[in-house]
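**Q** Sharing data.csv (CSV, C-alpha atoms) below.
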```csv
chain,number,residue,atom,x,y,z
A,1,MET,CA,85.2,76.3,79.5
A,2,LYS,CA,86.0,73.4,81.8
A,3,PRO,CA,89.4,72.2,82.7
A,4,PRO,CA,90.9,69.0,81.2
A,5,ARG,CA,90.8,65.8,83.2
A,6,PHE,CA,93.6,65.4,85.7
A,7,ALA,CA,94.5,63.3,88.8
A,8,TYR,CA,94.5,65.0,92.1
A,9,ALA,CA,96.8,64.7,95.2
A,10,ALA,CA,96.7,66.6,98.5
A,11,PRO,CA,99.9,65.7,100.3
A,12,GLU,CA,100.1,66.6,104.0
A,13,SER,CA,103.8,67.3,104.1
A,14,LEU,CA,106.2,69.2,101.9
A,15,GLU,CA,108.4,66.1,101.5
A,16,GLU,CA,105.4,64.1,100.2
A,17,ALA,CA,104.6,66.9,97.8
A,18,LEU,CA,108.2,67.0,96.5
A,19,GLU,CA,108.2,63.3,95.9
A,20,LEU,CA,105.1,63.6,93.8
A,21,LEU,CA,106.8,66.4,91.8
A,22,LYS,CA,109.9,64.3,91.4
A,23,GLU,CA,107.7,61.3,90.2
A,24,HIS,CA,105.6,63.3,87.7
A,25,GLY,CA,108.0,66.1,86.6
A,26,SER,CA,106.5,68.4,84.0
A,27,GLU,CA,103.3,66.5,84.0
A,28,ALA,CA,102.5,67.9,87.5
A,29,LYS,CA,101.3,71.4,88.5
A,30,VAL,CA,101.2,72.8,92.0
A,31,LEU,CA,98.0,74.2,93.3
A,32,ALA,CA,98.4,76.8,96.1
A,33,GLY,CA,96.2,79.9,95.6
A,34,GLY,CA,95.2,78.9,92.1
A,35,GLN,CA,94.6,82.5,90.9
A,36,SER,CA,96.7,82.0,87.8
A,37,LEU,CA,96.5,78.2,87.5
A,38,MET,CA,92.7,77.8,87.4
A,39,PRO,CA,92.1,80.3,84.6
A,40,MET,CA,94.9,78.6,82.6
A,41,LEU,CA,93.3,75.2,83.2
A,42,ASN,CA,89.8,76.4,82.2
A,43,LEU,CA,91.2,77.9,79.0
A,44,ARG,CA,93.1,74.6,78.4
A,45,LEU,CA,96.4,76.5,78.2
A,46,LEU,CA,97.6,73.8,80.6
A,47,LYS,CA,96.8,70.1,80.5
A,48,PRO,CA,98.6,68.5,83.5
A,49,ALA,CA,98.3,64.9,84.3
A,50,ILE,CA,98.1,65.6,88.1
A,51,LEU,CA,97.5,68.6,90.4
A,52,VAL,CA,99.5,68.6,93.6
A,53,ASP,CA,97.4,70.6,96.1
A,54,ILE,CA,99.8,72.0,98.8
A,55,ASN,CA,97.2,73.8,100.8
A,56,ARG,CA,97.3,71.3,103.6
A,57,LEU,CA,101.0,71.6,104.3
A,58,PRO,CA,101.5,72.7,108.0
A,59,GLY,CA,103.6,75.6,109.1
A,60,ARG,CA,104.2,77.0,105.6
A,61,ASP,CA,102.3,80.3,106.1
A,62,ARG,CA,104.8,82.1,108.2
A,63,ILE,CA,106.2,85.6,107.9
A,64,ASP,CA,109.3,86.2,110.0
A,65,GLU,CA,112.5,88.1,110.1
A,66,ALA,CA,116.0,86.7,110.5
A,67,GLU,CA,119.5,88.0,109.8
A,68,GLY,CA,118.2,91.2,108.2
A,69,MET,CA,115.8,89.4,105.9
A,70,LEU,CA,112.1,89.3,105.8
A,71,ARG,CA,111.1,85.7,105.0
A,72,VAL,CA,107.8,84.8,103.4
A,73,GLY,CA,106.7,81.2,103.5
A,74,LEU,CA,105.3,79.1,100.7
A,75,LEU,CA,101.6,79.5,101.6
A,76,VAL,CA,101.5,83.1,102.8
A,77,ARG,CA,98.5,84.7,101.2
A,78,HIS,CA,98.5,88.3,99.8
A,79,ARG,CA,95.9,89.3,102.4
A,80,GLN,CA,98.1,88.0,105.2
A,81,ALA,CA,101.0,90.0,104.1
A,82,GLU,CA,98.8,93.0,103.5
A,83,ARG,CA,97.6,92.9,107.1
A,84,SER,CA,100.9,91.9,108.7
A,85,PRO,CA,102.4,94.5,111.2
A,86,LEU,CA,105.8,93.0,110.6
A,87,VAL,CA,105.6,93.6,106.9
A,88,ARG,CA,104.4,97.1,107.3
A,89,GLN,CA,107.2,97.9,109.8
A,90,SER,CA,110.1,96.0,108.2
A,91,LEU,CA,109.3,96.4,104.5
A,92,PRO,CA,106.7,99.1,103.6
A,93,LEU,CA,107.4,98.7,99.9
A,94,LEU,CA,106.1,95.1,100.0
A,95,ALA,CA,103.1,96.2,102.1
A,96,GLU,CA,102.1,98.8,99.6
A,97,ALA,CA,102.7,96.6,96.6
A,98,VAL,CA,100.5,93.7,97.9
A,99,ARG,CA,97.6,96.1,98.5
A,100,GLN,CA,97.5,96.7,94.7
A,101,ILE,CA,97.2,93.1,93.7
A,102,GLY,CA,93.9,92.4,92.0
A,103,HIS,CA,90.8,92.4,94.2
A,104,PRO,CA,90.2,91.3,97.8
A,105,GLN,CA,88.9,87.9,96.6
A,106,ILE,CA,92.2,87.4,94.7
A,107,ARG,CA,94.3,88.6,97.7
A,108,ASN,CA,92.4,86.2,100.0
A,109,ARG,CA,93.5,83.2,98.1
A,110,GLY,CA,96.6,84.0,96.0
A,111,THR,CA,100.1,83.4,97.5
A,112,LEU,CA,103.2,85.6,97.2
A,113,CYS,CA,105.4,82.6,96.3
A,114,GLY,CA,102.8,81.5,93.7
A,115,SER,CA,102.8,85.0,92.1
A,116,VAL,CA,106.6,85.0,91.9
A,117,ALA,CA,106.6,81.5,90.4
A,118,HIS,CA,104.0,82.5,87.8
A,119,ALA,CA,106.3,85.4,86.8
A,120,ASP,CA,103.8,87.6,85.0
A,121,PRO,CA,105.9,90.6,83.9
A,122,ALA,CA,103.0,92.9,84.8
A,123,ALA,CA,102.7,91.6,88.4
A,124,GLU,CA,103.8,93.6,91.4
A,125,LEU,CA,105.8,91.1,93.4
A,126,PRO,CA,108.5,90.3,90.8
A,127,ALA,CA,109.3,94.0,90.6
A,128,VAL,CA,109.6,94.3,94.4
A,129,LEU,CA,112.0,91.4,94.4
A,130,ALA,CA,114.0,93.0,91.7
A,131,ALA,CA,114.1,96.4,93.2
A,132,LEU,CA,115.3,95.1,96.6
A,133,GLY,CA,117.7,92.5,95.3
A,134,GLY,CA,115.6,89.8,97.0
A,135,GLN,CA,116.2,86.0,96.9
A,136,VAL,CA,114.0,83.1,95.8
A,137,VAL,CA,114.4,79.8,97.8
A,138,LEU,CA,113.7,76.8,95.6
A,139,ARG,CA,113.1,73.3,97.1
A,140,SER,CA,113.0,69.9,95.6
A,141,ALA,CA,113.3,66.3,96.9
A,142,GLY,CA,117.0,66.6,96.2
A,143,GLY,CA,117.6,69.7,98.3
A,144,ARG,CA,117.4,73.5,98.3
A,145,ARG,CA,118.9,76.3,96.3
A,146,VAL,CA,118.8,80.1,96.6
A,147,LEU,CA,118.7,82.4,93.6
A,148,PRO,CA,118.8,86.2,93.4
A,149,ALA,CA,115.9,87.7,91.6
A,150,ASP,CA,118.0,88.6,88.5
A,151,GLN,CA,118.8,84.9,88.0
A,152,PHE,CA,115.3,83.6,88.7
A,153,PHE,CA,113.3,85.6,86.2
A,154,LEU,CA,114.3,84.5,82.7
A,155,GLY,CA,111.5,85.7,80.4
A,156,PHE,CA,107.8,86.1,79.9
A,157,LEU,CA,106.2,83.6,82.3
A,158,THR,CA,109.6,81.8,82.4
A,159,THR,CA,111.8,81.3,85.5
A,160,ALA,CA,114.6,79.1,86.6
A,161,LEU,CA,112.1,76.9,88.5
A,162,GLU,CA,112.5,73.3,87.6
A,163,PRO,CA,109.4,71.0,87.2
A,164,GLU,CA,110.3,69.1,90.4
A,165,GLU,CA,110.8,72.3,92.5
A,166,VAL,CA,108.5,74.7,94.4
A,167,VAL,CA,109.2,78.2,95.6
A,168,GLU,CA,109.6,77.5,99.2
A,169,GLU,CA,110.3,81.0,100.5
A,170,LEU,CA,111.0,84.6,99.5
A,171,ARG,CA,113.7,86.5,101.2
A,172,LEU,CA,113.8,90.3,101.1
A,173,PRO,CA,116.2,92.7,102.8
A,174,VAL,CA,114.6,94.6,105.7
A,175,ALA,CA,114.5,98.3,105.1
A,176,PRO,CA,117.2,100.2,107.0
A,177,PRO,CA,116.5,103.3,109.1
A,178,ARG,CA,115.9,106.6,107.2
A,179,THR,CA,114.2,104.7,104.3
A,180,GLY,CA,111.2,105.7,102.2
A,181,ALA,CA,109.5,103.5,99.6
A,182,ALA,CA,106.6,103.7,97.1
A,183,PHE,CA,104.9,101.4,94.7
A,184,LEU,CA,102.9,103.2,92.0
A,185,GLU,CA,101.1,101.7,89.0
A,186,PHE,CA,98.7,102.7,86.3
A,187,SER,CA,96.0,100.4,85.0
A,188,ARG,CA,92.9,100.8,82.8
A,189,ARG,CA,90.6,99.7,85.6
A,190,ALA,CA,91.0,99.0,89.3
A,191,GLY,CA,92.2,95.4,89.8
A,192,ASP,CA,93.6,95.0,86.3
A,193,PHE,CA,97.2,94.2,85.7
A,194,ALA,CA,99.0,97.5,85.4
A,195,LEU,CA,100.2,98.9,82.1
A,196,VAL,CA,103.3,100.0,84.0
A,197,GLY,CA,104.2,99.8,87.7
A,198,VAL,CA,107.2,101.2,89.6
A,199,ALA,CA,108.8,99.9,92.8
A,200,ALA,CA,111.1,102.4,94.4
A,201,GLN,CA,113.0,102.4,97.7
A,202,LEU,CA,115.5,105.1,98.9
A,203,ALA,CA,117.7,104.8,102.0
A,204,PHE,CA,119.4,108.0,103.3
A,205,ASP,CA,122.6,108.5,105.3
A,206,ALA,CA,122.9,110.8,108.3
A,207,ALA,CA,123.8,113.7,106.0
A,208,GLY,CA,120.6,113.3,104.0
A,209,ARG,CA,122.2,111.9,100.9
A,210,ILE,CA,120.9,108.8,99.1
A,211,ALA,CA,122.9,105.9,100.5
A,212,ALA,CA,121.1,103.1,98.6
A,213,ALA,CA,118.5,103.0,95.8
A,214,GLY,CA,116.2,100.2,94.6
A,215,LEU,CA,114.2,100.7,91.5
A,216,ALA,CA,112.4,98.3,89.2
A,217,LEU,CA,109.4,98.4,86.8
A,218,THR,CA,106.7,96.1,85.6
A,219,GLY,CA,105.0,96.1,82.2
A,220,VAL,CA,108.0,97.2,80.2
A,221,GLY,CA,109.5,93.9,79.2
A,222,GLY,CA,109.3,90.1,79.6
A,223,THR,CA,110.8,90.3,83.1
A,224,PRO,CA,110.9,93.0,85.8
A,225,PHE,CA,113.1,95.8,84.6
A,226,LYS,CA,115.9,96.6,87.1
A,227,ALA,CA,116.8,100.2,86.6
A,228,ALA,CA,120.4,99.8,87.5
A,229,SER,CA,121.6,102.9,85.6
A,230,ALA,CA,119.1,105.1,87.4
A,231,GLU,CA,120.0,103.6,90.7
A,232,ALA,CA,123.7,104.4,90.1
A,233,LEU,CA,122.8,107.9,89.2
A,234,LEU,CA,120.9,108.4,92.5
A,235,ARG,CA,123.5,106.8,94.9
A,236,GLY,CA,125.5,109.3,96.8
A,237,GLN,CA,123.5,112.3,95.7
A,238,ALA,CA,121.5,114.9,97.6
A,239,PRO,CA,117.8,114.3,96.8
A,240,SER,CA,116.0,116.9,94.7
A,241,ALA,CA,113.2,117.1,92.2
A,242,ARG,CA,115.7,117.7,89.4
A,243,LEU,CA,117.7,114.5,90.3
A,244,PHE,CA,114.6,112.4,90.3
A,245,ALA,CA,113.5,113.9,87.0
A,246,GLU,CA,116.9,113.0,85.5
A,247,ALA,CA,116.7,109.4,86.9
A,248,ALA,CA,113.2,109.1,85.4
A,249,GLU,CA,114.4,110.3,82.0
A,250,ARG,CA,117.2,107.7,82.1
A,251,VAL,CA,114.5,105.0,82.8
A,252,ARG,CA,112.5,106.2,79.8
A,253,GLU,CA,115.6,106.0,77.5
A,254,GLU,CA,116.5,102.5,78.6
A,255,VAL,CA,113.1,100.6,78.8
A,256,ASP,CA,112.1,98.8,75.7
A,257,PRO,CA,108.4,97.8,76.0
A,258,GLU,CA,106.3,96.2,73.4
A,259,ALA,CA,103.1,97.6,72.0
A,260,ASP,CA,99.9,95.6,72.6
A,261,ILE,CA,96.1,96.1,72.4
A,262,HIS,CA,96.2,98.1,75.6
A,263,ALA,CA,99.0,100.6,75.0
A,264,SER,CA,101.6,101.6,72.5
A,265,ALA,CA,105.3,101.2,73.3
A,266,GLU,CA,105.7,105.0,73.5
A,267,TYR,CA,102.9,105.4,75.9
A,268,ARG,CA,104.4,102.8,78.2
A,269,ARG,CA,107.7,104.7,78.0
A,270,HIS,CA,105.9,107.8,79.0
A,271,LEU,CA,104.2,106.1,81.9
A,272,ALA,CA,107.6,104.6,83.0
A,273,GLN,CA,109.1,108.1,83.2
A,274,VAL,CA,106.2,109.8,85.0
A,275,LEU,CA,105.6,107.0,87.5
A,276,THR,CA,109.4,106.7,88.2
A,277,ARG,CA,109.6,110.4,89.0
A,278,ARG,CA,106.5,110.3,91.2
A,279,ALA,CA,107.6,107.1,93.0
A,280,LEU,CA,111.0,108.5,93.8
A,281,GLU,CA,109.5,111.8,95.1
A,282,ALA,CA,107.0,109.8,97.2
A,283,ALA,CA,109.8,107.7,98.7
A,284,TRP,CA,111.7,110.8,99.5
A,285,ARG,CA,108.8,112.3,101.3
A,286,ARG,CA,108.0,109.1,103.2
A,287,ALA,CA,111.6,109.0,104.5
A,288,GLY,CA,110.7,112.2,106.5
A,289,LEU,CA,113.2,114.5,104.7
A,290,GLU,CA,112.4,118.0,103.7
A,291,ALA,CA,112.0,118.7,100.0
A,292,ALA,CA,114.7,120.8,98.4
```
Just dump the structure as C-alpha cells.
**A**
Amino acid sequence: MKPPRFAYAAPESLEEALELLKEHGSEAKVLAGGQSLMPMLNLRLLKPAILVDINRLPGRDRIDEAEGMLRVGLLVRHRQAERSPLVRQSLPLLAEAVRQIGHPQIRNRGTLCGSVAHADPAAELPAVLAALGGQVVLRSAGGRRVLPADQFFLGFLTTALEPEEVVEELRLPVAPPRTGAAFLEFSRRAGDFALVGVAAQLAFDAAGRIAAAGLALTGVGGTPFKAASAEALLRGQAPSARLFAEAAERVREEVDPEADIHASAEYRRHLAQVLTRRALEAAWRRAGLEAA
C-alpha cells in the first residue's frame, strides 16, 4: 500500500521542529529513522496531516557521559550505539541489546530515542531503560521535563509523550565496577521481535555479594516488565545457581503475558523463567566472579 497524503517539513533546528509540533499537535508525526513510522503509514494505520523530518537537526547524534549517566541524543542510530566504544565500556547491557535489534538495515536508520518513543512492548530498548532505572528527557517548545522509565511507559504503544513533544535524550546510569550484564531473547526467526527478552545487570560488592540488581522483560505485557520482586530477592545475596533459579521462578509466577498467534501465555511464562535464569547466570560470569 501507499501512505496517505501529507505535508512535509524539514526543519534545520530543534526549536523550529518544536514550533511545528506546537502548531499542528496530534496532526503531526516526527520522522527520524522511520522504521516504525513508515510501515504504519503504508498500512494507513496513521494519517498525519504533516511529517516533521528531524534528520537535519545539527548536533543531535551525540553519545556522551556526564554525572554518572550515559546520555544518548535524539538522532543517535542503533548502529552508532552498537559500534560506540563508550557504550561498550560504560554500559555493556545497552551494547548487547542494540546488537539484537532487527537487521543491519534497520539498525543503520533506526534511532534509540525513536524506538523508546514508539514503545513496542517487544522491543529491546524499553526493557533496558526499565532494568537500569533510566530516564527519558522530553522536550517541547514550552520547556523540558525528565521522566523515569516507569512513568514514561503507560501501555501498549502508549507513553507519557505529548503530541508537541519529542524524546530529546535518553539517560542511563553507567555500570559501576564489578558489574556483569546480559540481554537474552528468543524469537521465531533472526531479526523478528522476540517472543520474550530479558535485560539483566548485576553489580557486586567487594565481598562478592550482589549489591544491585536490574531486571526487566519484554514480550510479557503491554509495557516492559520490571521484575522488582526478583531484584529484591537478589540484593545482598551471595550469587549461586540456586539463587538465580529462585529469582527466575519468581518472575514466572508474576508475569502475566497474553496469548497470540505466535505463542501461548504459558509458553511465554516458560521462556521468561528460562531466559531470566540464563541471563542472570551470564551476568554473573561476565562480572568475572567464580561460579559457586
**Q** When you look at A:Gly221 with a cut-off of 9 Å (counting all atoms listed in the file), what residues show up, excluding the ones that are within fewer than 5 positions of it in the same chain? I need them as a compact mmCIF listing (two decimals) with C-alpha atoms, in the coordinates of the input.
**A**
```txt
# COMPACT_ATOMS: atom_id res chain seq x y z
CA PRO A 121 105.90 90.60 83.90
CA ALA A 122 103.00 92.90 84.80
CA GLY A 155 111.50 85.70 80.40
CA PHE A 156 107.80 86.10 79.90
CA VAL A 255 113.10 100.60 78.80
CA ASP A 256 112.10 98.80 75.70
CA PRO A 257 108.40 97.80 76.00
CA GLU A 258 106.30 96.20 73.40
```
**Q** Neighbours of stretch 68-72 of chain A within 8 Å (all atoms listed in the file; same-chain residues fewer than 5 positions away dropped), as a PyMOL selection string?
**A** chain A and resi 61-63+87+90-91+112-113+169-174
**Q** Would you output that residue set with C-alpha atoms, as an mmCIF file, in the frame of the given file?
**A**
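Written file, again09.cif:
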```
data_model
loop_
_atom_site.group_PDB
_atom_site.id
_atom_site.type_symbol
_atom_site.label_atom_id
_atom_site.label_comp_id
_atom_site.auth_asym_id
_atom_site.auth_seq_id
_atom_site.Cartn_x
_atom_site.Cartn_y
_atom_site.Cartn_z
ATOM 1 C CA ASP A 61 102.300 80.300 106.100
ATOM 2 C CA ARG A 62 104.800 82.100 108.200
ATOM 3 C CA ILE A 63 106.200 85.600 107.900
ATOM 4 C CA VAL A 87 105.600 93.600 106.900
ATOM 5 C CA SER A 90 110.100 96.000 108.200
ATOM 6 C CA LEU A 91 109.300 96.400 104.500
ATOM 7 C CA LEU A 112 103.200 85.600 97.200
ATOM 8 C CA CYS A 113 105.400 82.600 96.300
ATOM 9 C CA GLU A 169 110.300 81.000 100.500
ATOM 10 C CA LEU A 170 111.000 84.600 99.500
ATOM 11 C CA ARG A 171 113.700 86.500 101.200
ATOM 12 C CA LEU A 172 113.800 90.300 101.100
ATOM 13 C CA PRO A 173 116.200 92.700 102.800
ATOM 14 C CA VAL A 174 114.600 94.600 105.700
#
```
**Q** Hey, which of A:Phe183, A:Phe193, A:Tyr267, A:Phe225 ends up closest to A:Glu281? Count only C-alpha atoms.
**A**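 Distance minimum relative to A:Glu281 lands on A:Phe183.
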**Q** Skip A:Ala211 itself and residues of its chain fewer than 4 positions away, then list as JSON, numbers by chain all residues within 8 Å of it, counting only C-alpha atoms.
**A** {"A": [202, 203, 204, 205, 235, 236]}
**Q** Could you work out how far atom CA of A:Gln237 lies from atom CA of A:Leu275, giving the answer in Å with one decimal?
**A** 20.4 Å
**Q** If we count only C-alpha atoms and set the cut-off at 8 Å, which residues sit around A:Gly208, ignoring sequence neighbours fewer than 2 positions away in its own chain? Please answer as an MDAnalysis selection string.
**A** chainID A and resid 204:206 210 238:239 289
**Q** Please work out which residues fall within 12 Å of (110.0, 109.4, 89.9), coordinates as given in the file, with all atoms listed in the file counting, and return them as number ranges by chain.
**A** A: 181-185, 197-202, 215-217, 227, 230-231, 234, 239-252, 270-285
**Q** Tell me, in Å to one decimal, how far atom CA of A:Val116 is from atom CA of A:Arg56.
**A**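 Rounded to one decimal, the two atoms are 20.3 Å apart.
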**Q** Residues within 7 Å of (94.1, 95.5, 91.6), file coordinates, counting only C-alpha atoms: what are they? Give the list as a PyMOL selection string.
**A** chain A and resi 100-103+190-193
**Q** Using Å and a single decimal, report how far atom CA of A:Arg99 sits from atom CA of A:Phe186.
**A**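 So the two atoms, atom CA of A:Phe186 and atom CA of A:Arg99, lie 13.9 Å apart.
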**Q** Return stretch 273-286 of chain A, completed with N, CA and C atoms, as a compact mmCIF listing (two decimals), in the frame of the given file.
**A**
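The result, written out as rebuild_19.txt:
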```
# COMPACT_ATOMS: atom_id res chain seq x y z
N GLN A 273 108.41 106.87 82.73
CA GLN A 273 109.10 108.10 83.20
C GLN A 273 108.28 108.82 84.24
N VAL A 274 107.01 109.01 84.01
CA VAL A 274 106.20 109.80 85.00
C VAL A 274 106.07 109.04 86.29
N LEU A 275 105.81 107.74 86.25
CA LEU A 275 105.60 107.00 87.50
C LEU A 275 106.94 106.85 88.25
N THR A 276 108.06 106.74 87.54
CA THR A 276 109.40 106.70 88.20
C THR A 276 109.62 107.96 88.99
N ARG A 277 109.40 109.09 88.35
CA ARG A 277 109.60 110.40 89.00
C ARG A 277 108.71 110.49 90.25
N ARG A 278 107.46 110.15 90.08
CA ARG A 278 106.50 110.30 91.20
C ARG A 278 106.86 109.31 92.33
N ALA A 279 107.26 108.09 91.98
CA ALA A 279 107.60 107.10 93.00
C ALA A 279 108.82 107.54 93.80
N LEU A 280 109.84 108.07 93.12
CA LEU A 280 111.00 108.50 93.80
C LEU A 280 110.71 109.72 94.72
N GLU A 281 109.90 110.63 94.26
CA GLU A 281 109.50 111.80 95.10
C GLU A 281 108.71 111.32 96.30
N ALA A 282 107.82 110.35 96.11
CA ALA A 282 107.00 109.80 97.20
C ALA A 282 107.93 109.11 98.23
N ALA A 283 108.89 108.33 97.76
CA ALA A 283 109.80 107.70 98.70
C ALA A 283 110.61 108.67 99.48
N TRP A 284 111.02 109.74 98.85
CA TRP A 284 111.70 110.80 99.50
C TRP A 284 110.90 111.43 100.65
N ARG A 285 109.65 111.75 100.33
CA ARG A 285 108.80 112.30 101.30
C ARG A 285 108.56 111.36 102.51
N ARG A 286 108.35 110.10 102.18
CA ARG A 286 108.00 109.10 103.20
C ARG A 286 109.24 108.81 104.12
```
